[in-house]
Amino acid sequence: MQRRDFLTIAAAGVAAASFNVPTIGWANTNEIYKLRAGEANANLIGDSTISENCWLYNASCPGPLLRRRKGEMLNVAVTNDLSTPTTVHWHGIRNVNEMDGVADLTQPPIEPGEQFLYEVPLTQSGTYWYHAHTMGWEQVARGLYGPLIIDDDDDPAVDHDFILMIDDWRLTQDGQIDDASFGSLHDWSHAGRFGNWLTVNGTSDPLFSAKPGARLRLRLINAANARLFKIKIGGAVATLIAEDGAVCLPEQTDVVDLSPGQRTDLIVDMDHDSIILQEISTSEPYPAGHIIADPILGKAEISKKPINLAKPPPIADLSKAKVIDVHMQGGAMGNLTEAIFNGDNLPLNTLAREHKKLWAFNGIVGDYTQTLADIQLGQLVSLDVFNDTAWPHAMHLHGHHFWVLVDDPTIDAPSGKRDTWLMPARSRARLVFVADNPGLWLFHCHMLEHAASGMGMVLAVS
Ligand code: C2O
Ligand code: CU
């Protein structure tokens with residue numbers, strides 16, 4: 001049976017709701033945000049259907065907006081009201097290691113009923129996000145994520161700053177999260193868990209209102225477990241200004257590719273009355289929000305000035321780099337026949353059947369206690385990654401941003417640094433970074449099913 005990529009139930013006829021990401025609000029740097037991870041209902045479909053088996057922060061989908069300025073501390077007390085352990089990871093943040101939120105690597109898991117205080121120094125600005133990092137393949141899929149925005153004096157002036165947190169959910173016909181399919185070996189060995197219902201900020205096709213002629217900043221965040229989104233911006237010219245929170249060379253575009261974990265910041269001027277956002281990765285364009293000029297909001301204040309941005313840092317001299325080869329294998333239709341798991345060399349079908357392990361780095365099934373390399377603090381490192389599998393993988397490094405070098409002329413390398421890079425099947429890339437942040441940092445695929453089944457290891461920087 002052919003499965004449609006996105007369900008079309010209720011796609012037509014859902015009245016668009018005006019939407020704002022809930023804000024906890026500004027505060028002095030010592031204020032402590034409170035996040036409570038717990039079971040909650042959400043109105044994902046937008047009609048009267050209630051999805052009752054979500055797990056959310058503060059019963060909000062997405063979780064509350066955490067917003068700070070560069071140079072401040074982000075203090076968040078996380079309480080675990082779930083019946084299973086959890087942790088929170090601050091994706092893309094150059095964190096201190098013990099606040100990175102990887103259970104059993106950087107902290108003990110937060111047990112049910114317990115609390116953990118995250119104290120995160122913010123040395124960067126831009127668009128980030130936070131998400132559960134314990135059994136993420138289930139916890140993120142049930143909704144444990146939210147936006148984290150860090151403002152900076154140098155941010156380009158805009159009339160409106162809109163966050164679009166994009167996710168796909170696998171819902172049953174009655175609109176509940178499809179519990180039965182969690183852990184599906186098919187998903188884990190193929191592209192990961194795809195959903196059949198698209199939301200932006202927890203709702204379908206949200207409406208944003210803007211002053212006529214306004215200059216907008218759009219912050220796109222892919223919170224999906226595995227899906228690669230392609231977002232088309234119809235009715236305006238967008239200028240790309242940042243990727244994964246980091247500045248890039250400005251570039252005009254009308255389609256944005258986002259792999260799981262990635263963010264893209266755009267500046268868009270409202271030349272017309274509306275901007276239509278669509279998800280176009282499948283054969284059917286899918287509504288992903290629209291922005292309407294509304295004169296009631298008053299006059300746009302930011303004239304169409306040129307956008308002045310800092311330049312991304314030039315790539316370091318590679319001749320001094322320590323090269324770490326990462327040969328990624330495994331999954332369905334792959335060439336991995338056996339791999340080392342807990343010291344034993346096992347055939348792939350045994351790994352799959354008995355241990356649910358499907359992927360390997362350099363012939364070893366990865367996990368969050370496995371060291372890929374020891375690196376001296378301050379060393380320039382080139383992760384030379386070969387995706388020798390039949391699937392794309394969104395490779396994410398904790399605690400650092402990296403330059404991306406690719407030889408393949410069909411792949412566009414980014415002009416700035418990133419923290420997550422999509423590697424098409426059979427592609428290679430060099431991910432280059434200065435290991436100037438001490439600690440145990442994960443390098444893993446952000447297709448969360450892949451991460452859980454072998455595609456992740458630790459870089460130990462000291
Ligand atoms: Cu956003 Cu280790 O992940
Ligand atoms: Cu992957």
# chains A, B, ... in the order shown; residues from 1 in each chain; ligands from 1
call {"tool": "residues_near_ligand", "arguments": {"ligand": "ligand 1", "cutoff": "7 Å", "atoms": "only C-alpha atoms and all ligand atoms", "output": "list in words"}}
result
His89, His91, His131, His133, Gly261, His396, His398, Leu442, His444 and His446 of chain A
call {"tool": "closest_atom_pairs", "arguments": {"of": "chain A", "to": "ligand 2", "cutoff": "8 Å", "atoms": "only C-alpha atoms and all ligand atoms", "output": "CSV"}}
result
residue,atom,partner,partner_atom_place_in_ligand_line,distance
A:Ala191,CA,ligand 2,1 (Cu),7.2
A:Gly192,CA,ligand 2,1 (Cu),7.5
A:Ala226,CA,ligand 2,1 (Cu),8.0
A:Trp391,CA,ligand 2,1 (Cu),7.1
A:Pro392,CA,ligand 2,1 (Cu),6.3
A:His393,CA,ligand 2,1 (Cu),3.7
A:Ala394,CA,ligand 2,1 (Cu),5.9
A:Met395,CA,ligand 2,1 (Cu),7.3
A:His444,CA,ligand 2,1 (Cu),8.0
A:Cys445,CA,ligand 2,1 (Cu),4.6
A:His446,CA,ligand 2,1 (Cu),6.3
A:Met447,CA,ligand 2,1 (Cu),4.7
A:Leu448,CA,ligand 2,1 (Cu),7.4
A:Glu449,CA,ligand 2,1 (Cu),7.5
A:His450,CA,ligand 2,1 (Cu),4.7
A:Ala451,CA,ligand 2,1 (Cu),6.7
A:Met455,CA,ligand 2,1 (Cu),6.7
call {"tool": "write_last_selection", "arguments": {"atoms": "N, CA, C and O atoms", "output": "JSON list (two decimals), in the first residue's frame"}}
result
[["chain", "number", "residue", "atom", "x", "y", "z"],
["A", 191, "ALA", "N", 14.74, 5.71, 6.44],
["A", 191, "ALA", "CA", 14.98, 7.16, 6.57],
["A", 191, "ALA", "C", 14.64, 7.72, 7.94],
["A", 191, "ALA", "O", 14.83, 8.91, 8.17],
["A", 192, "GLY", "N", 14.12, 6.89, 8.85],
["A", 192, "GLY", "CA", 13.70, 7.42, 10.16],
["A", 192, "GLY", "C", 12.19, 7.57, 10.20],
["A", 192, "GLY", "O", 11.48, 7.23, 9.24],
["A", 226, "ALA", "N", 13.00, 13.21, 11.49],
["A", 226, "ALA", "CA", 13.76, 12.69, 10.35],
["A", 226, "ALA", "C", 13.49, 13.38, 9.02],
["A", 226, "ALA", "O", 14.26, 13.23, 8.09],
["A", 391, "TRP", "N", 21.21, 6.32, 2.51],
["A", 391, "TRP", "CA", 20.30, 7.29, 3.11],
["A", 391, "TRP", "C", 21.00, 8.61, 3.41],
["A", 391, "TRP", "O", 22.19, 8.63, 3.71],
["A", 392, "PRO", "N", 20.25, 9.71, 3.37],
["A", 392, "PRO", "CA", 20.85, 10.97, 3.81],
["A", 392, "PRO", "C", 20.93, 11.00, 5.35],
["A", 392, "PRO", "O", 20.11, 10.37, 6.02],
["A", 393, "HIS", "N", 21.92, 11.70, 5.86],
["A", 393, "HIS", "CA", 22.05, 11.84, 7.31],
["A", 393, "HIS", "C", 22.39, 13.29, 7.67],
["A", 393, "HIS", "O", 23.24, 13.90, 7.01],
["A", 394, "ALA", "N", 21.75, 13.79, 8.70],
["A", 394, "ALA", "CA", 21.95, 15.17, 9.15],
["A", 394, "ALA", "C", 22.92, 15.14, 10.33],
["A", 394, "ALA", "O", 22.53, 14.88, 11.45],
["A", 395, "MET", "N", 24.20, 15.37, 10.04],
["A", 395, "MET", "CA", 25.23, 15.16, 11.07],
["A", 395, "MET", "C", 25.38, 16.41, 11.94],
["A", 395, "MET", "O", 25.64, 17.50, 11.44],
["A", 444, "HIS", "N", 26.61, 13.13, 16.06],
["A", 444, "HIS", "CA", 25.61, 12.12, 15.73],
["A", 444, "HIS", "C", 24.69, 12.57, 14.61],
["A", 444, "HIS", "O", 24.62, 13.75, 14.28],
["A", 445, "CYS", "N", 23.97, 11.60, 14.09],
["A", 445, "CYS", "CA", 22.95, 11.91, 13.09],
["A", 445, "CYS", "C", 21.73, 12.45, 13.81],
["A", 445, "CYS", "O", 21.32, 11.91, 14.84],
["A", 446, "HIS", "N", 21.14, 13.52, 13.26],
["A", 446, "HIS", "CA", 19.94, 14.09, 13.89],
["A", 446, "HIS", "C", 18.65, 13.46, 13.39],
["A", 446, "HIS", "O", 17.55, 13.87, 13.77],
["A", 447, "MET", "N", 18.74, 12.44, 12.53],
["A", 447, "MET", "CA", 17.60, 11.58, 12.32],
["A", 447, "MET", "C", 17.60, 10.71, 13.58],
["A", 447, "MET", "O", 18.50, 9.89, 13.79],
["A", 448, "LEU", "N", 16.64, 10.96, 14.45],
["A", 448, "LEU", "CA", 16.78, 10.49, 15.83],
["A", 448, "LEU", "C", 16.75, 8.97, 15.94],
["A", 448, "LEU", "O", 17.32, 8.40, 16.86],
["A", 449, "GLU", "N", 16.12, 8.31, 14.98],
["A", 449, "GLU", "CA", 16.11, 6.85, 14.96],
["A", 449, "GLU", "C", 17.51, 6.32, 14.62],
["A", 449, "GLU", "O", 17.92, 5.28, 15.12],
["A", 450, "HIS", "N", 18.20, 7.03, 13.74],
["A", 450, "HIS", "CA", 19.56, 6.60, 13.39],
["A", 450, "HIS", "C", 20.50, 6.79, 14.58],
["A", 450, "HIS", "O", 21.33, 5.93, 14.87],
["A", 451, "ALA", "N", 20.33, 7.92, 15.27],
["A", 451, "ALA", "CA", 21.18, 8.17, 16.44],
["A", 451, "ALA", "C", 21.01, 7.05, 17.47],
["A", 451, "ALA", "O", 21.97, 6.61, 18.09],
["A", 455, "MET", "N", 24.30, 5.53, 15.18],
["A", 455, "MET", "CA", 24.95, 6.60, 14.46],
["A", 455, "MET", "C", 25.28, 7.79, 15.36],
["A", 455, "MET", "O", 24.75, 8.88, 15.19]]
call {"tool": "residues_around", "arguments": {"residues": "Gly146 in chain A", "least_positions_apart": "2", "cutoff": "6 Å", "atoms": "only C-alpha atoms", "output": "compact mmCIF listing (two decimals) with N, CA, C and O atoms, in the first residue's frame"}}
result
# COMPACT_ATOMS: atom_id res chain seq x y z
N PRO A 62 4.74 24.52 20.35
CA PRO A 62 5.99 24.05 20.95
C PRO A 62 6.15 24.56 22.38
O PRO A 62 5.31 25.31 22.85
N GLY A 63 7.20 24.15 23.04
CA GLY A 63 7.48 24.65 24.38
C GLY A 63 7.67 26.15 24.35
O GLY A 63 7.83 26.76 23.29
N TRP A 129 17.44 26.04 19.42
CA TRP A 129 16.25 25.37 19.97
C TRP A 129 16.67 24.41 21.06
O TRP A 129 17.87 24.12 21.20
N TYR A 130 15.71 24.02 21.84
CA TYR A 130 16.01 23.05 22.90
C TYR A 130 15.10 21.85 22.70
O TYR A 130 13.99 21.98 22.17
call {"tool": "residues_around", "arguments": {"residues": "Gly113 in chain A", "least_positions_apart": "2", "cutoff": "12 Å", "atoms": "only C-alpha atoms", "output": "number ranges by chain"}}
result
A: 36-38, 78-86, 109-111, 115-116
call {"tool": "residues_around", "arguments": {"residues": "Ser462 in chain A", "least_positions_apart": "4", "cutoff": "7 Å", "atoms": "only C-alpha atoms", "output": "PyMOL selection string"}}
result
chain A and resi 375-377+438-439
call {"tool": "atom_distance", "arguments": {"atom1": "CA of Pro314 in chain A", "atom2": "CA of Trp403 in chain A"}}
result
8.9 Å
call {"tool": "closest_residue", "arguments": {"among": "A:Ile233, A:Ile177, A:Ile302, A:Leu164", "to": "Cys54 in chain A", "atoms": "only C-alpha atoms"}}
result
A:Ile177
call {"tool": "atom_distance", "arguments": {"atom1": "CA of Asp254 in chain A", "atom2": "CA of Leu144 in chain A"}}
result
29.6 Å
call {"tool": "atom_distance", "arguments": {"atom1": "CA of His290 in chain A", "atom2": "CA of Arg67 in chain A"}}
result
23.7 Å
call {"tool": "select_by_dssp", "arguments": {"residues": "range 174-340 of chain A", "states": "helix (DSSP H, G or I)", "output": "PyMOL selection string"}}
result
chain A and resi 179-181+185-189+295-297+318-320
call {"tool": "write_last_selection", "arguments": {"atoms": "C-alpha atoms", "output": "PDB file, in the first residue's frame"}}
result
ATOM      1  CA  ASP A 179       2.233   5.031  19.721  1.00  0.00           C
ATOM      2  CA  ALA A 180       2.297   1.606  18.152  1.00  0.00           C
ATOM      3  CA  SER A 181       4.875   2.599  15.547  1.00  0.00           C
ATOM      4  CA  LEU A 185      12.709  -1.392  12.854  1.00  0.00           C
ATOM      5  CA  HIS A 186      11.686  -0.354   9.366  1.00  0.00           C
ATOM      6  CA  ASP A 187      11.897   3.343  10.274  1.00  0.00           C
ATOM      7  CA  TRP A 188      15.153   2.867  12.096  1.00  0.00           C
ATOM      8  CA  SER A 189      16.836   1.070   9.215  1.00  0.00           C
ATOM      9  CA  PRO A 295      -3.060  48.055   8.184  1.00  0.00           C
ATOM     10  CA  ILE A 296      -4.506  47.926  11.698  1.00  0.00           C
ATOM     11  CA  LEU A 297      -0.978  47.201  12.946  1.00  0.00           C
ATOM     12  CA  LEU A 318      43.751  23.095   6.941  1.00  0.00           C
ATOM     13  CA  SER A 319      47.394  22.032   6.823  1.00  0.00           C
ATOM     14  CA  LYS A 320      47.418  22.064  10.623  1.00  0.00           C
TER      15      LYS A 320
END
call {"tool": "closest_residue", "arguments": {"among": "A:Ala242, A:Leu218, A:Ile267, A:Leu309", "to": "Asp153 in chain A", "atoms": "only C-alpha atoms"}}
result
A:Leu309
call {"tool": "residues_around", "arguments": {"residues": "Ala300 in chain A", "least_positions_apart": "3", "cutoff": "12 Å", "atoms": "only C-alpha atoms", "output": "compact mmCIF listing (two decimals) with N, CA and C atoms, in the first residue's frame"}}
result
# COMPACT_ATOMS: atom_id res chain seq x y z
N ALA A 157 17.75 45.45 11.93
CA ALA A 157 16.46 45.97 12.40
C ALA A 157 15.33 45.42 11.55
N VAL A 158 14.25 45.01 12.19
CA VAL A 158 13.07 44.50 11.46
C VAL A 158 11.81 45.00 12.16
N ASP A 159 10.70 44.98 11.42
CA ASP A 159 9.42 45.34 12.03
C ASP A 159 8.83 44.17 12.81
N HIS A 160 9.05 42.95 12.30
CA HIS A 160 8.49 41.77 12.95
C HIS A 160 9.51 40.65 12.92
N ALA A 210 1.26 41.27 9.74
CA ALA A 210 2.39 42.19 9.69
C ALA A 210 1.94 43.55 9.19
N LYS A 211 2.69 44.58 9.54
CA LYS A 211 2.40 45.91 9.01
C LYS A 211 2.63 45.91 7.50
N PRO A 212 1.80 46.61 6.75
CA PRO A 212 2.03 46.67 5.30
C PRO A 212 3.43 47.23 5.01
N GLY A 213 4.12 46.60 4.08
CA GLY A 213 5.47 47.06 3.74
C GLY A 213 6.53 46.71 4.76
N ALA A 214 6.20 45.87 5.71
CA ALA A 214 7.13 45.59 6.81
C ALA A 214 8.35 44.80 6.37
N ARG A 215 9.40 45.00 7.13
CA ARG A 215 10.56 44.10 7.01
C ARG A 215 10.45 43.04 8.10
N LEU A 216 10.57 41.78 7.67
CA LEU A 216 10.39 40.65 8.59
C LEU A 216 11.68 39.87 8.74
N ASP A 269 11.01 41.34 2.88
CA ASP A 269 10.24 42.57 2.85
C ASP A 269 8.86 42.29 2.26
N MET A 270 7.82 42.80 2.92
CA MET A 270 6.44 42.60 2.47
C MET A 270 6.14 43.56 1.33
N ASP A 271 6.41 43.13 0.10
CA ASP A 271 6.11 44.00 -1.04
C ASP A 271 4.65 43.90 -1.45
N ALA A 293 -0.52 41.26 5.34
CA ALA A 293 -0.34 42.67 5.71
C ALA A 293 -1.65 43.18 6.30
N ASP A 294 -1.55 43.76 7.47
CA ASP A 294 -2.74 44.23 8.16
C ASP A 294 -2.55 45.70 8.58
N PRO A 295 -3.26 46.62 7.92
CA PRO A 295 -3.06 48.05 8.18
C PRO A 295 -3.38 48.44 9.63
N ILE A 296 -4.19 47.63 10.30
CA ILE A 296 -4.51 47.93 11.70
C ILE A 296 -3.24 47.97 12.57
N LEU A 297 -2.21 47.24 12.15
CA LEU A 297 -0.98 47.20 12.95
C LEU A 297 -0.15 48.48 12.81
N SER A 303 12.63 51.00 6.97
CA SER A 303 12.60 51.18 5.53
C SER A 303 13.51 50.12 4.90
N LYS A 304 13.38 50.01 3.61
CA LYS A 304 14.12 48.93 2.95
C LYS A 304 15.59 49.27 2.77
call {"tool": "residues_around", "arguments": {"residues": "Ala141 in chain A", "least_positions_apart": "6", "cutoff": "8 Å", "atoms": "only C-alpha atoms", "output": "number ranges by chain"}}
result
A: 169, 224-225
call {"tool": "closest_residue", "arguments": {"among": "A:Ile50, A:Ala460, A:Ala429, A:Ile32", "to": "Pro409 in chain A", "atoms": "only C-alpha atoms"}}
result
A:Ala429
call {"tool": "closest_residue", "arguments": {"among": "A:Leu105, A:Ile166, A:Pro414, A:Val200", "to": "Leu240 in chain A", "atoms": "only C-alpha atoms"}}
result
A:Pro414
call {"tool": "closest_atom_pairs", "arguments": {"of": "range 140-198 of chain A", "to": "range 41-47 of chain A", "cutoff": "10 Å", "atoms": "only C-alpha atoms", "output": "JSON lines"}}
result
{"residue": "A:Gly143", "atom": "CA", "partner": "A:Ala42", "partner_atom": "CA", "distance": 9.3}
{"residue": "A:Trp169", "atom": "CA", "partner": "A:Leu44", "partner_atom": "CA", "distance": 8.8}
{"residue": "A:Leu171", "atom": "CA", "partner": "A:Ile45", "partner_atom": "CA", "distance": 9.6}
{"residue": "A:Gly175", "atom": "CA", "partner": "A:Ile45", "partner_atom": "CA", "distance": 7.2}
{"residue": "A:Gln176", "atom": "CA", "partner": "A:Leu44", "partner_atom": "CA", "distance": 9.4}
{"residue": "A:Trp197", "atom": "CA", "partner": "A:Ile45", "partner_atom": "CA", "distance": 7.9}
{"residue": "A:Leu198", "atom": "CA", "partner": "A:Leu44", "partner_atom": "CA", "distance": 8.7}
call {"tool": "write_last_selection", "arguments": {"atoms": "C-alpha atoms", "output": "PDB file, in the first residue's frame"}}
result
ATOM      1  CA  GLY A 143       6.541  17.293  21.321  1.00  0.00           C
ATOM      2  CA  TRP A 169       3.735  14.155  13.410  1.00  0.00           C
ATOM      3  CA  LEU A 171      -0.957  10.625  13.796  1.00  0.00           C
ATOM      4  CA  GLY A 175      -5.585  12.361  15.509  1.00  0.00           C
ATOM      5  CA  GLN A 176      -3.575  10.662  18.273  1.00  0.00           C
ATOM      6  CA  TRP A 197       0.707  15.705   9.626  1.00  0.00           C
ATOM      7  CA  LEU A 198       2.621  18.976   9.313  1.00  0.00           C
TER       8      LEU A 198
END
call {"tool": "closest_residue", "arguments": {"among": "A:Leu336, A:Val120, A:Leu440, A:Ile276", "to": "Tyr368 in chain A", "atoms": "only C-alpha atoms"}}
result
A:Leu440
call {"tool": "select_by_dssp", "arguments": {"residues": "range 336-380 of chain A", "states": "strand (DSSP E or B)", "output": "PyMOL selection string"}}
result
chain A and resi 338-341+344-347+359-361+364+371-375+380
call {"tool": "write_last_selection", "arguments": {"atoms": "all heavy atoms", "output": "compact mmCIF listing (two decimals), in the first residue's frame"}}
result
# COMPACT_ATOMS: atom_id res chain seq x y z
N GLU A 338 28.81 -6.68 9.10
CA GLU A 338 29.03 -6.98 10.51
C GLU A 338 29.66 -5.76 11.16
O GLU A 338 30.22 -4.91 10.47
CB GLU A 338 29.96 -8.20 10.66
CG GLU A 338 31.25 -8.00 9.91
CD GLU A 338 32.19 -9.21 9.97
OE1 GLU A 338 31.69 -10.33 10.05
OE2 GLU A 338 33.40 -8.98 9.96
N ALA A 339 29.54 -5.67 12.47
CA ALA A 339 30.13 -4.53 13.15
C ALA A 339 30.39 -4.91 14.61
O ALA A 339 29.83 -5.88 15.13
CB ALA A 339 29.21 -3.32 13.09
N ILE A 340 31.26 -4.13 15.24
CA ILE A 340 31.61 -4.40 16.63
C ILE A 340 30.60 -3.70 17.53
O ILE A 340 30.33 -2.50 17.39
CB ILE A 340 33.04 -3.92 16.92
CG1 ILE A 340 34.01 -4.76 16.08
CG2 ILE A 340 33.36 -4.02 18.41
CD1 ILE A 340 35.42 -4.26 16.07
N PHE A 341 30.02 -4.50 18.42
CA PHE A 341 29.05 -3.96 19.37
C PHE A 341 29.43 -4.46 20.75
O PHE A 341 29.50 -5.68 20.96
CB PHE A 341 27.63 -4.41 18.98
CG PHE A 341 26.58 -3.97 19.96
CD1 PHE A 341 26.31 -2.62 20.16
CD2 PHE A 341 25.85 -4.91 20.68
CE1 PHE A 341 25.34 -2.22 21.06
CE2 PHE A 341 24.87 -4.51 21.58
CZ PHE A 341 24.63 -3.16 21.78
N ASP A 344 32.02 -7.17 20.77
CA ASP A 344 31.82 -8.37 19.96
C ASP A 344 31.55 -8.01 18.51
O ASP A 344 30.79 -7.08 18.24
CB ASP A 344 30.60 -9.18 20.45
CG ASP A 344 30.79 -9.67 21.87
OD1 ASP A 344 31.95 -10.00 22.23
OD2 ASP A 344 29.80 -9.71 22.61
N ASN A 345 32.16 -8.78 17.61
CA ASN A 345 31.89 -8.59 16.20
C ASN A 345 30.66 -9.41 15.83
O ASN A 345 30.66 -10.63 15.95
CB ASN A 345 33.12 -9.03 15.38
CG ASN A 345 33.11 -8.44 14.01
OD1 ASN A 345 32.43 -7.44 13.76
ND2 ASN A 345 33.85 -9.04 13.10
N LEU A 346 29.58 -8.72 15.43
CA LEU A 346 28.32 -9.42 15.20
C LEU A 346 27.81 -9.13 13.80
O LEU A 346 27.97 -8.02 13.29
CB LEU A 346 27.26 -8.96 16.21
CG LEU A 346 27.57 -9.21 17.69
CD1 LEU A 346 26.49 -8.59 18.57
CD2 LEU A 346 27.68 -10.71 17.96
N PRO A 347 27.16 -10.14 13.18
CA PRO A 347 26.55 -9.88 11.87
C PRO A 347 25.40 -8.87 11.99
O PRO A 347 24.74 -8.79 13.04
CB PRO A 347 26.04 -11.25 11.42
CG PRO A 347 26.17 -12.17 12.57
CD PRO A 347 26.99 -11.52 13.63
N TRP A 359 23.60 0.80 12.45
CA TRP A 359 24.53 1.72 11.80
C TRP A 359 25.87 1.67 12.53
O TRP A 359 25.92 1.35 13.72
CB TRP A 359 23.99 3.16 11.86
CG TRP A 359 22.58 3.30 11.38
CD1 TRP A 359 21.45 3.20 12.14
CD2 TRP A 359 22.15 3.54 10.04
NE1 TRP A 359 20.34 3.38 11.35
CE2 TRP A 359 20.73 3.60 10.06
CE3 TRP A 359 22.80 3.73 8.82
CZ2 TRP A 359 19.97 3.84 8.90
CZ3 TRP A 359 22.04 3.97 7.68
CH2 TRP A 359 20.64 4.02 7.73
N ALA A 360 26.93 2.03 11.81
CA ALA A 360 28.25 2.01 12.43
C ALA A 360 29.13 3.14 11.90
O ALA A 360 28.96 3.60 10.77
CB ALA A 360 28.92 0.67 12.15
N PHE A 361 30.03 3.58 12.74
CA PHE A 361 31.13 4.49 12.35
C PHE A 361 32.41 3.66 12.39
O PHE A 361 32.74 3.08 13.43
CB PHE A 361 31.31 5.63 13.35
CG PHE A 361 30.25 6.71 13.33
CD1 PHE A 361 30.28 7.71 14.31
CD2 PHE A 361 29.26 6.77 12.37
CE1 PHE A 361 29.33 8.73 14.32
CE2 PHE A 361 28.30 7.79 12.38
CZ PHE A 361 28.34 8.76 13.36
N ILE A 364 32.23 0.21 13.92
CA ILE A 364 31.82 0.07 15.32
C ILE A 364 30.45 0.70 15.49
O ILE A 364 30.21 1.83 15.04
CB ILE A 364 32.84 0.77 16.25
CG1 ILE A 364 34.23 0.14 16.06
CG2 ILE A 364 32.40 0.69 17.70
CD1 ILE A 364 35.35 0.94 16.72
N THR A 371 33.93 6.46 22.42
CA THR A 371 34.74 7.60 21.99
C THR A 371 35.19 7.41 20.54
O THR A 371 35.77 6.38 20.20
CB THR A 371 35.98 7.76 22.90
OG1 THR A 371 35.52 7.89 24.25
CG2 THR A 371 36.79 8.98 22.52
N LEU A 372 34.93 8.40 19.73
CA LEU A 372 35.38 8.38 18.34
C LEU A 372 36.83 8.85 18.27
O LEU A 372 37.63 8.30 17.53
CB LEU A 372 34.48 9.30 17.50
CG LEU A 372 34.82 9.54 16.04
CD1 LEU A 372 34.79 8.24 15.25
CD2 LEU A 372 33.85 10.54 15.43
N ALA A 373 37.17 9.88 19.05
CA ALA A 373 38.56 10.37 19.05
C ALA A 373 38.81 11.20 20.30
O ALA A 373 37.90 11.83 20.83
CB ALA A 373 38.80 11.22 17.81
N ASP A 374 40.08 11.18 20.73
CA ASP A 374 40.54 12.10 21.77
C ASP A 374 41.21 13.28 21.08
O ASP A 374 42.04 13.07 20.19
CB ASP A 374 41.54 11.40 22.69
CG ASP A 374 40.85 10.37 23.57
OD1 ASP A 374 40.00 10.77 24.37
OD2 ASP A 374 41.15 9.16 23.43
N ILE A 375 40.86 14.45 21.48
CA ILE A 375 41.35 15.65 20.80
C ILE A 375 41.94 16.60 21.84
O ILE A 375 41.35 16.80 22.90
CB ILE A 375 40.18 16.35 20.06
CG1 ILE A 375 39.60 15.42 18.99
CG2 ILE A 375 40.64 17.66 19.43
CD1 ILE A 375 38.27 15.86 18.46
N LEU A 380 42.89 22.16 15.74
CA LEU A 380 42.02 22.24 14.57
C LEU A 380 41.73 20.81 14.09
O LEU A 380 42.65 20.01 13.94
CB LEU A 380 42.70 23.04 13.46
CG LEU A 380 41.89 23.24 12.18
CD1 LEU A 380 40.71 24.19 12.41
CD2 LEU A 380 42.77 23.77 11.05
call {"tool": "closest_residue", "arguments": {"among": "A:Gly399, A:Thr420, A:Thr410, A:Ala310", "to": "Val458 in chain A", "atoms": "only C-alpha atoms"}}
result
A:Gly399
call {"tool": "decode", "arguments": {"residues": "range 239-276 of chain A", "atoms": "C-alpha atoms", "output": "tab-separated table (two decimals), in the first residue's frame"}}
result
chain	number	residue	atom	x	y	z
A	239	THR	CA	17.51	37.06	1.91
A	240	LEU	CA	19.31	34.31	3.75
A	241	ILE	CA	21.23	35.84	6.67
A	242	ALA	CA	22.07	32.98	9.03
A	243	GLU	CA	22.18	29.20	9.15
A	244	ASP	CA	22.18	27.23	12.40
A	245	GLY	CA	22.35	30.55	14.24
A	246	ALA	CA	25.62	31.58	12.58
A	247	VAL	CA	25.99	34.39	10.05
A	248	CYS	CA	26.45	33.49	6.42
A	249	LEU	CA	26.98	35.55	3.28
A	250	PRO	CA	23.62	37.11	2.40
A	251	GLU	CA	21.98	35.42	-0.54
A	252	GLN	CA	18.57	35.77	-2.15
A	253	THR	CA	16.40	32.70	-2.18
A	254	ASP	CA	12.81	31.56	-2.29
A	255	VAL	CA	13.24	27.93	-1.22
A	256	VAL	CA	14.85	26.80	2.02
A	257	ASP	CA	16.06	23.25	2.67
A	258	LEU	CA	16.08	22.27	6.31
A	259	SER	CA	17.25	18.95	7.68
A	260	PRO	CA	16.34	17.85	11.19
A	261	GLY	CA	18.02	20.14	13.71
A	262	GLN	CA	18.84	22.89	11.23
A	263	ARG	CA	17.73	26.52	11.35
A	264	THR	CA	17.58	29.22	8.69
A	265	ASP	CA	17.10	32.96	9.26
A	266	LEU	CA	15.70	35.09	6.47
A	267	ILE	CA	14.97	38.77	5.98
A	268	VAL	CA	11.83	39.32	3.92
A	269	ASP	CA	10.24	42.57	2.85
A	270	MET	CA	6.44	42.60	2.47
A	271	ASP	CA	6.11	44.00	-1.04
A	272	HIS	CA	2.63	42.57	-1.45
A	273	ASP	CA	-0.34	41.90	0.79
A	274	SER	CA	0.58	38.36	1.61
A	275	ILE	CA	3.33	35.80	1.74
A	276	ILE	CA	2.43	32.15	1.35
